[in-house]
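Comments concern the structure below.
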Amino acid sequence: MKWLAVLGVVVVALLTWGFWWVEPAVKQPIEYPHKIHVEQLKLPCTSCHQRVEKEAVAGRPPTALCLACHSGGETESNEVKKIRAFGEKGQEIPWKRVWRLPPHVFFPHRTHVVVAKLNCQTCHGAMETLDRPPARALKTLTMNDCIGCHEQWEGPKEKGTGVVKVAARRVSTDCNACHR
Amino acid sequence: MALWGMVIDLDRCTGCQACVMACKAENNVPAVGAKEAVRGRIISWMQVLTEEDEEHPGEVKRFLPRPCLQCDDPPCTKVCPVYATYRDPDGIVAQIYARCIGCRFCMAACPYNAKYFNWYRYQKEAPGQNPDVSVRPKGVVEKCTFCHHRLQKARERALAERREVAPGEYVPACAEACPARAIIFGDLSDPGSEVFRLARSPRAFRLLEQLGTKPKVIYLTEGEGRG
């Protein structure tokens with residue numbers, strides 16, 4: 001009877017293989033509080049994630065950018081000391097990637113942020129409420145999330161040049177527009 | 001909407017295979033290994049077909065670079081049961097790996113043998129690959145996409161700068177690599193483009209034209225100078 005129970009557990013475990021898989025928690029090198037920077041200091045996301053308006057990938061801030069504010073004066077914070085240590089050694093902070101799209105998806109941040117003027121929170125969730133770095137992505141995105149927007153998207157009301165109309169046309173649900 | 005097309009001048013082609021290698025590097029086309037190659041499973045989106053010249057046997061070889069011909073009336077898309085391959089609004093025959101179920105109907109339908117099947121997972125993601133092209137998993141069909149990821153990037157750039165994609169901004173890797181300028185790429189619907197002019201040349205022909213597939217890869221025959 002006991003063996004039967006063990007066998008049962010093994011069979012169930014095998015049948016549901018993969019179902020119990022949870023993304024491993026990401027531990028960032030600096031306990032960065034988004035809340036202080038975004039909610040209290042009113043910094044826009046782009047002040048640190050600078051490539052978001054220039055490239056396909058948003059990127060994480062280089063050490064020099066943190067030190068632009070955090071280099072001067074006395075500090076009691078261990079985290080700021082860590083940043084300065086990275087700075088003194090001339091190293092980049094080894095930020096770890098949390099949000100990942102499958103490699104077969106072409107997602108340019110620039111188009112979505114600059115042209116479509118989407119809020120970062122639309123995909124990334126309420127990052128401004130976090131006291132410490134997220135261990136996992138706040139939202140699990142699926143293709144339905146992409147299509148849901150693309151099907152009903154209307155272009156920003158800019159003074160109508162021809163190219164903006166072209167932009168609206170390019171918000172397409174064509175597979176080849178995003179798959180690669 | 002543009003109608004992307006390619007003109008390949010067989011008079012200029014020297015059979016150097018630069019296009020083949022450029023394609024493999026650009027699109028993360030895997031090397032399948034010797035065992036698989038013996039079984040006829042080599043993947044080569046761009047292939048230089050060779051033929052012995054009938055007038056000069058043993059002396060002259062003829063070359064014909066063959067990418068996916070991006071038919072305007074593609075036979076492969078009609079047999080796909082899951083809409084994984086279809087003709088996109090720009091005329092490029094798309095291959096959506098995430099949808100493909102690996103039935104290989106499209107491979108059987110393609111009269112040009114331009115489609116390839118991943119019998120195994122031939123490679124993993126690794127440094128040195130092109131990050132703009134996804135590595136294909138096991139069990140899906142792949143083929144030349146006219147380096148369509150380059151169009152995605154060019155479009156993205158143009159859109160951010162509030163303009164149209166400029167001619168010459170989007171060129172596939174093979175056309176870029178060809179040292180003899182035998183491969184010319186452009187918009188077949190734009191009367192000012194070089195491909196538009198060359199496609200109407202008296203030397204122009206299409207592969208297996210009689211099948212009615214209307215390929216958008218157009219060849220120029222070898223001229224008088226041959227042999």
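In the structure tokens, chains take letters A, B, ... by order of appearance, with residues numbered from 1 within each chain and ligands from 1 in the order shown.
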What are the closest atom pairs, with distances in Å to one decimal, for all residues of chain A lying within 8 Å of chain B? Consider only C-alpha atoms, order rows by chain and residue number, and present the result as CSV.
residue,atom,partner,partner_atom,distance
A:Pro103,CA,B:Ser134,CA,5.3
A:His104,CA,B:Ser134,CA,4.8
A:Phe106,CA,B:Asp132,CA,7.8
A:Pro108,CA,B:Glu156,CA,7.2
A:Arg110,CA,B:Ala160,CA,7.0
A:Thr111,CA,B:Ala160,CA,6.2
A:Val114,CA,B:Ala160,CA,7.0
A:Val115,CA,B:Ala160,CA,6.4
A:Val163,CA,B:Arg163,CA,5.7
A:Val164,CA,B:Arg162,CA,7.0
A:Ala167,CA,B:Leu159,CA,6.5
A:Asp174,CA,B:Asp88,CA,7.2
A:Cys175,CA,B:Ile96,CA,7.2
A:Asn176,CA,B:Ala94,CA,6.2
A:Ala177,CA,B:Gln152,CA,6.8
A:Cys178,CA,B:Gln152,CA,7.7
A:His179,CA,B:Ile96,CA,6.6
A:Arg180,CA,B:Val133,CA,5.9
Go ahead and save the residues from that selection, with C-alpha atoms, as a short mmCIF file (atom, residue, chain, number, x, y, z; two decimals), in the first residue's frame.
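What follows is the written file again21.cif:
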data_model
loop_
_atom_site.label_atom_id
_atom_site.label_comp_id
_atom_site.auth_asym_id
_atom_site.auth_seq_id
_atom_site.Cartn_x
_atom_site.Cartn_y
_atom_site.Cartn_z
CA PRO A 103 13.93 35.34 -28.60
CA HIS A 104 11.56 35.05 -31.54
CA PHE A 106 10.93 41.65 -32.00
CA PRO A 108 11.39 47.73 -29.96
CA ARG A 110 11.56 53.03 -28.84
CA THR A 111 8.47 52.53 -31.00
CA VAL A 114 8.35 57.36 -28.24
CA VAL A 115 5.84 56.82 -31.02
CA VAL A 163 4.18 59.62 -41.78
CA VAL A 164 2.09 59.51 -38.63
CA ALA A 167 2.72 54.78 -38.24
CA ASP A 174 0.53 40.75 -39.01
CA CYS A 175 2.62 37.87 -37.61
CA ASN A 176 5.71 38.95 -39.49
CA ALA A 177 5.63 42.43 -37.95
CA CYS A 178 6.87 41.05 -34.61
CA HIS A 179 7.92 37.43 -35.08
CA ARG A 180 11.43 36.87 -36.28
#
Return as a PyMOL selection string the full set of residues in segment 45-154 of chain B whose backbone-based DSSP assignment is strand (DSSP E).
chain B and resi 47-52+61-66+85-87+93-95+116-117+141-142
Among segment 3-123 of chain A, which residues does DSSP mark as alpha helix (DSSP H) when it is run on the backbone? Keep the chain and numbering as in the structure and answer as a PyMOL selection string.
chain A and resi 3-15+34+63-70+78-88+109-110+121-123
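With only C-alpha atoms as the atoms that count, the minimum distance from His70 of chain A to the choices A:Ala116, A:Ala58, A:Val38, A:Ala85 is reached by A:Ala85.
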Excluding segment 202-219 of chain B and any residue of its chain fewer than 4 positions from it, enumerate the residues within 6 Å of it, using only C-alpha atoms, and give them as a ChimeraX atom specification.
/B:5-9,69-74
Selection file, C-alpha atoms, as a CSV table (one decimal), in the first residue's frame:
chain,number,residue,atom,x,y,z
B,5,GLY,CA,12.1,41.6,-54.7
B,6,MET,CA,15.5,40.5,-55.8
B,7,VAL,CA,17.3,40.4,-59.2
B,8,ILE,CA,20.2,38.0,-59.6
B,9,ASP,CA,22.4,38.6,-62.6
B,69,LEU,CA,12.0,32.8,-54.3
B,70,GLN,CA,9.3,34.6,-52.3
B,71,CYS,CA,6.6,33.7,-54.7
B,72,ASP,CA,3.8,36.1,-55.1
B,73,ASP,CA,1.4,33.2,-55.4
B,74,PRO,CA,3.2,30.7,-53.1
Write out as an MDAnalysis selection string the residues lying within 12 Å of Arg60 of chain A, counting only C-alpha atoms and excluding same-chain residues fewer than 3 positions away.
chainID A and resid 28 32 45:52 57 63:66 92:99
Exercise: Val140 of chain B partners within 6 Å, only C-alpha atoms, chain neighbours under 4 positions left out, as a list in words
Cys100, Gly102, Phe117 and Asn118 of chain B
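Of the residues under consideration (B:Leu10, B:Cys76, B:Ala154, B:Ile42), B:Ala154 shows the shortest atom-to-atom contact distance to Ala166 of chain B when counting only C-alpha atoms.
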Test item: residues at most 8 Å from His150 of chain A, only C-alpha atoms, excluding those fewer than 3 positions along its chain, as an mmCIF file with C-alpha atoms, in the first residue's frame:
data_model
loop_
_atom_site.group_PDB
_atom_site.id
_atom_site.type_symbol
_atom_site.label_atom_id
_atom_site.label_comp_id
_atom_site.auth_asym_id
_atom_site.auth_seq_id
_atom_site.Cartn_x
_atom_site.Cartn_y
_atom_site.Cartn_z
ATOM 1 C CA CYS A 146 0.399 42.204 -27.425
ATOM 2 C CA ILE A 147 -2.527 41.426 -29.711
ATOM 3 C CA TRP A 153 -4.711 50.792 -30.887
ATOM 4 C CA VAL A 171 0.409 48.942 -35.748
ATOM 5 C CA SER A 172 -0.316 45.680 -37.350
ATOM 6 C CA THR A 173 -1.443 42.302 -36.199
#
